[in-house]
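S.K.: Below is a structure I'd like to ask you about.
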Amino acid sequence: MNIVNSVRFKIFIGFVLVVAPLVLFLIFNNVYSMNVVRDQISQNYNKLLQQYVEDTDNTLKEFDNYLFHLYSDPDVINMNLYPLESDDYVLAKQRLFNKLTRQLDIYNLVNTFFVFSNTTGDLLVSTRENTYYYDRVQTVKQFIVENSKSRPNDSSNGNWLIMKAANGDHYLMKINKDLGAGLSGGILIKMSSMVEPLSKWDTGEGGGTIVVSPDGTTLTNAYFPSQRYKNISDQITEKTSGFQIVKDKELDQQFLIVREASSHADLEFELIIAEKNMLQNLPYLQLLIYFLPLGGAFVLGIYLLYVQRILFKPLMQLIRGMRKIAQGELSVRLHEGSSTEFAFLIATFNNMVDQIENLKISVYEEKIRVQQAEFKHLQVQINPHFYMNSLNIIYNLAALKDTKSVQKMSLHLADYFRFIMRTNRTTMTLKDEIDHIRNYLEIQVMRYPDNLTFDLQLPETYSQYAIPPLIVQPFVENAVIHGFTKQYGTYVIQVKAEQDPEEPEEFFLLSISDNGNGFQPEMLQQLNSAQYLDQSGDEHLGIWNVRHRLQMNYGNRVALRFLNKPERGALVQIRLPLHTPIVEGTEKDV
């Protein structure tokens with residue numbers, strides 16, 4: 001802790017002498033830069049918005065011209081000439097509908113075209129929102145009624161009108177009543193469609209775009225909430241084109257308001273830009289940093305020399321030492337003639353290298369030992385004599401044309417080797433292990449049909465408990481290879497799982513026994529000795545491997561005992577702890 005505090009104190013002194021004045025300068029520099037950037041961005045957004053509103057006004061003029069020339073359309077003329085019920089009227093109406101529908105594809109801004117007969121009440125509506133066709137027809141009827149009441153004597157309806165539908169949406173509407181014979185043509189433009197292109201502009205988090213009427217009523221809500229606009233609208237003092245800064249008190253955030261009024265409709269487009277979005281990529285005016293006062297440069301130079309001596313030089317020494325260690329040069333050692341703090345680090349580094357060198361040698365030796373044990377274990381797993389004997393049995397059965405026995409032998413042999421190839425798993429169920437033993441013993445029974453039998457007892461209670469793989473097979477194989485004899489009649493191998501009589505709630509016993517000659521006294525003493533696990537395992541490799549893996553998995557909780565039965569034969573008992581019956585590291589067979 002003293003070393004850490006010393007380093008902190010030196011860094012603090014350096015900060016006070018050099019970094020603090022530099023930070024103050026940068027703060028001043030950035031404040032100035034923020035003001036410059038704010039003004040420039042405001043002007044740029046204002047020019048872009050002016051251009052957008054101008055383009056929108058020109059588009060509205062095009063719609064005016066289209067409505068004005070609609071009276072000369074041949075189908076409109078035919079609708080004036082023919083009666084409402086006539087086929088010619090219906091065909092003209094259908095052709096006009098198709099034309100207006102095509103115009104919707106050309107004029108993306110238009111939401112609905114309509115033609116209305118004041119005389120007959122017939123209404124033709126073409127809209128891009130076909131799924132809401134009925135609602136759009138009702139909206140058009142509502143607007144026509146409202147327009148006739150508010151402007152009953154106006155034949156041209158000069159400017160575009162702002163209309164509000166029953167669902168709350170606002171529309172721009174234009175009507176031309178001079179189509180002849182009481183016919184009127186009109187256009188509806190949804191307000192949200194007019195502001196949608198502006199929504200794609202980068203206004204930052206919390207920003208957006210909105211359209212308002214001259215009296216301040218919000219006409220859109222899709223790209224900026226009306227309620228939030230009410231919170232800042234009282235700060236907007238000017239109602240003409242321009243920009244200003246307002247603050248949303250609820251969000252505690254400042255916004256830049258850029259607005260532009262339409263000359264062709266009573267609308268005002270407003271951009272609400274988050275100020276932090278404008279300033280997030282503000283580049284520092286780095287050129288000015290190079291003109292720091294000469295006094296600051298002098299102090300900085302002294303500080304760098306000081307840091308070089310107490311920090312960078314020993315750091316570089318440590319980095320070079322670490323690189324050599326990474327390249328395998330474990331003989332490297334660092335000189336401790338440095339500052340107090342780094343002297344401790346360098347001494348620790350040298351001790352660490354010594355430990356790594358010793359550990360590397362130990363790990364390498366252990367790795368070689370493990371590889372040798374695994375290699376010998378694999379050799380034991382696929383016993384060539386067992387394999388050749390099994391093939392000879394299949395051959396003899398085939399020569400006798402005993403196809404059922406050949407099939408049985410082949411299945412057991414296939415299951416046996418399938419299990420062997422899956423022994424790379426960390427654990428498996430006790431049932432899988434016993435099934436594997438059954439396959440092995442079935443093959444041996446077919447080899448000695450009159451002299452060998454077996455008994456496998458596995459209660460359901462223990463069938464799903466997880467165990468290391470192949471902890472039973474070596475003992476069963478030893479019983480067949482070393483214990484098999486014909487002098488006492490049929491040779492019986494028994495594998496049984498049962499409760500531990502001493503601690504049935506904590507352990508269970510897994511027993512492998514036979515009725516052969518049993519263990520020799522010297523062998524029995526060797527197998528039960530405490531030093532057996534520490535030996536190399538060159539002799540009795542299968543037993544040593546099992547004992548070693550049990551010790552690694554269960555530690556001192558496992559017990560492995562070798563006995564001779566009182567009547568006759570060998571007995572191996574494995575005392576295993578009861579644990580959660582979950583098998584880890586398993587894989588499904590393909």
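Residue numbers start at 1 in each chain; chains themselves are named A, B, ... in the order of the structure tokens; ligands are numbered from 1 in the order shown.
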I'd like the neighbourhood of stretch 514-524 of chain A as a PyMOL selection string, where a residue qualifies if any of its atoms comes within 12 Å (using only C-alpha atoms), though same-chain residues fewer than 3 positions away should be ignored.

M.R.: chain A and resi 451-456+475-496+511+527-529+532+539-540+561-572

S.K.: Would you please give, as a VMD selection string, all residues of stretch 115-178 of chain A that DSSP assigns to strand (DSSP E) based on the backbone?

M.R.: chain A and resid 115 to 117 123 to 127 161 to 164 170 to 176

S.K.: What does the structure give for the distance between atom CA of A:Asn167 and atom CA of A:Asp234, in Å to one decimal?

M.R.: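 Answer for the atom CA of A:Asn167 to atom CA of A:Asp234 separation: 27.0 Å.
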
S.K.: Rounded to one decimal place, report the atom CA of A:Asp178-atom CA of A:Tyr71 distance in Å.

M.R.: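 According to the coordinates, atom CA of A:Asp178 and atom CA of A:Tyr71 are separated by 6.9 Å.
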
S.K.: What does the structure give for the distance between atom CA of A:Ala265 and atom CA of A:Trp160, in Å to one decimal?

M.R.: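 Atom CA of A:Trp160 lies at a distance of 5.5 Å from atom CA of A:Ala265.
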
S.K.: Within 10 Å of A:Thr461, counting only C-alpha atoms, which residues qualify if same-chain residues fewer than 4 places away don't, as number ranges by chain?

M.R.: A: 465, 497-499, 581

S.K.: Would you mind telling me which residue in A:Leu578, A:Leu510, A:Ile346, A:Leu49 lies nearest to A:Val472 when using only C-alpha atoms?

M.R.: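 That would be A:Leu510, the residue with the smallest distance to A:Val472.
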
S.K.: Let me make sure I understand: among A:Gln138, A:Gln473, A:Thr131, A:Ser150, which one has the smallest atom-to-atom distance to A:Ala165 if we use only C-alpha atoms?

M.R.: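 Closest to A:Ala165 of all the choices is A:Gln138.
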
S.K.: Of the candidates A:Tyr462, A:Tyr448, A:Phe508, A:Tyr52, which shows the shortest atom-to-atom distance to A:Ile434, using only C-alpha atoms?

M.R.: A:Tyr462

S.K.: Give me the residues near A:Ile106 as a PyMOL selection string, where near means some atom within 12 Å (using only C-alpha atoms) and where sequence neighbours in that chain fewer than 6 positions away do not count.

M.R.: chain A and resi 59+62-63+99-100+128

S.K.: Could you pull out the helix (DSSP H, G or I) residues of stretch 192-222 of chain A from DSSP and send them as a PyMOL selection string?

M.R.: chain A and resi 192-199

S.K.: Can I get the selected residues back with N, CA, C and O atoms, as a compact mmCIF listing (two decimals), in the first residue's frame?

M.R.:
# COMPACT_ATOMS: atom_id res chain seq x y z
N SER A 192 -48.22 14.19 -41.87
CA SER A 192 -47.06 13.38 -41.53
C SER A 192 -46.23 13.03 -42.75
O SER A 192 -45.02 12.85 -42.66
N SER A 193 -46.89 12.96 -43.93
CA SER A 193 -46.14 12.68 -45.17
C SER A 193 -45.26 13.87 -45.55
O SER A 193 -44.17 13.69 -46.10
N MET A 194 -45.72 15.06 -45.25
CA MET A 194 -44.94 16.25 -45.59
C MET A 194 -43.69 16.36 -44.74
O MET A 194 -42.66 16.87 -45.20
N VAL A 195 -43.76 15.87 -43.53
CA VAL A 195 -42.61 16.03 -42.62
C VAL A 195 -41.75 14.77 -42.57
O VAL A 195 -40.67 14.78 -41.97
N GLU A 196 -42.21 13.70 -43.22
CA GLU A 196 -41.46 12.44 -43.16
C GLU A 196 -40.03 12.57 -43.69
O GLU A 196 -39.09 12.05 -43.07
N PRO A 197 -39.76 13.23 -44.83
CA PRO A 197 -38.37 13.36 -45.27
C PRO A 197 -37.47 14.06 -44.25
O PRO A 197 -36.30 13.73 -44.11
N LEU A 198 -38.04 15.02 -43.51
CA LEU A 198 -37.24 15.71 -42.50
C LEU A 198 -36.88 14.79 -41.34
O LEU A 198 -35.86 15.00 -40.67
N SER A 199 -37.69 13.75 -41.09
CA SER A 199 -37.42 12.84 -39.98
C SER A 199 -36.15 12.03 -40.20
O SER A 199 -35.59 11.49 -39.25

S.K.: Env of A:Glu205: 10 Å cut, atoms = only C-alpha atoms, seq-sep filter 5 positions within chain, self excluded. Answer as a list in words.

M.R.: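 Near A:Glu205, the qualifying residues are Ile273, Ala274, Glu275, Lys276 and Asn277 of chain A.
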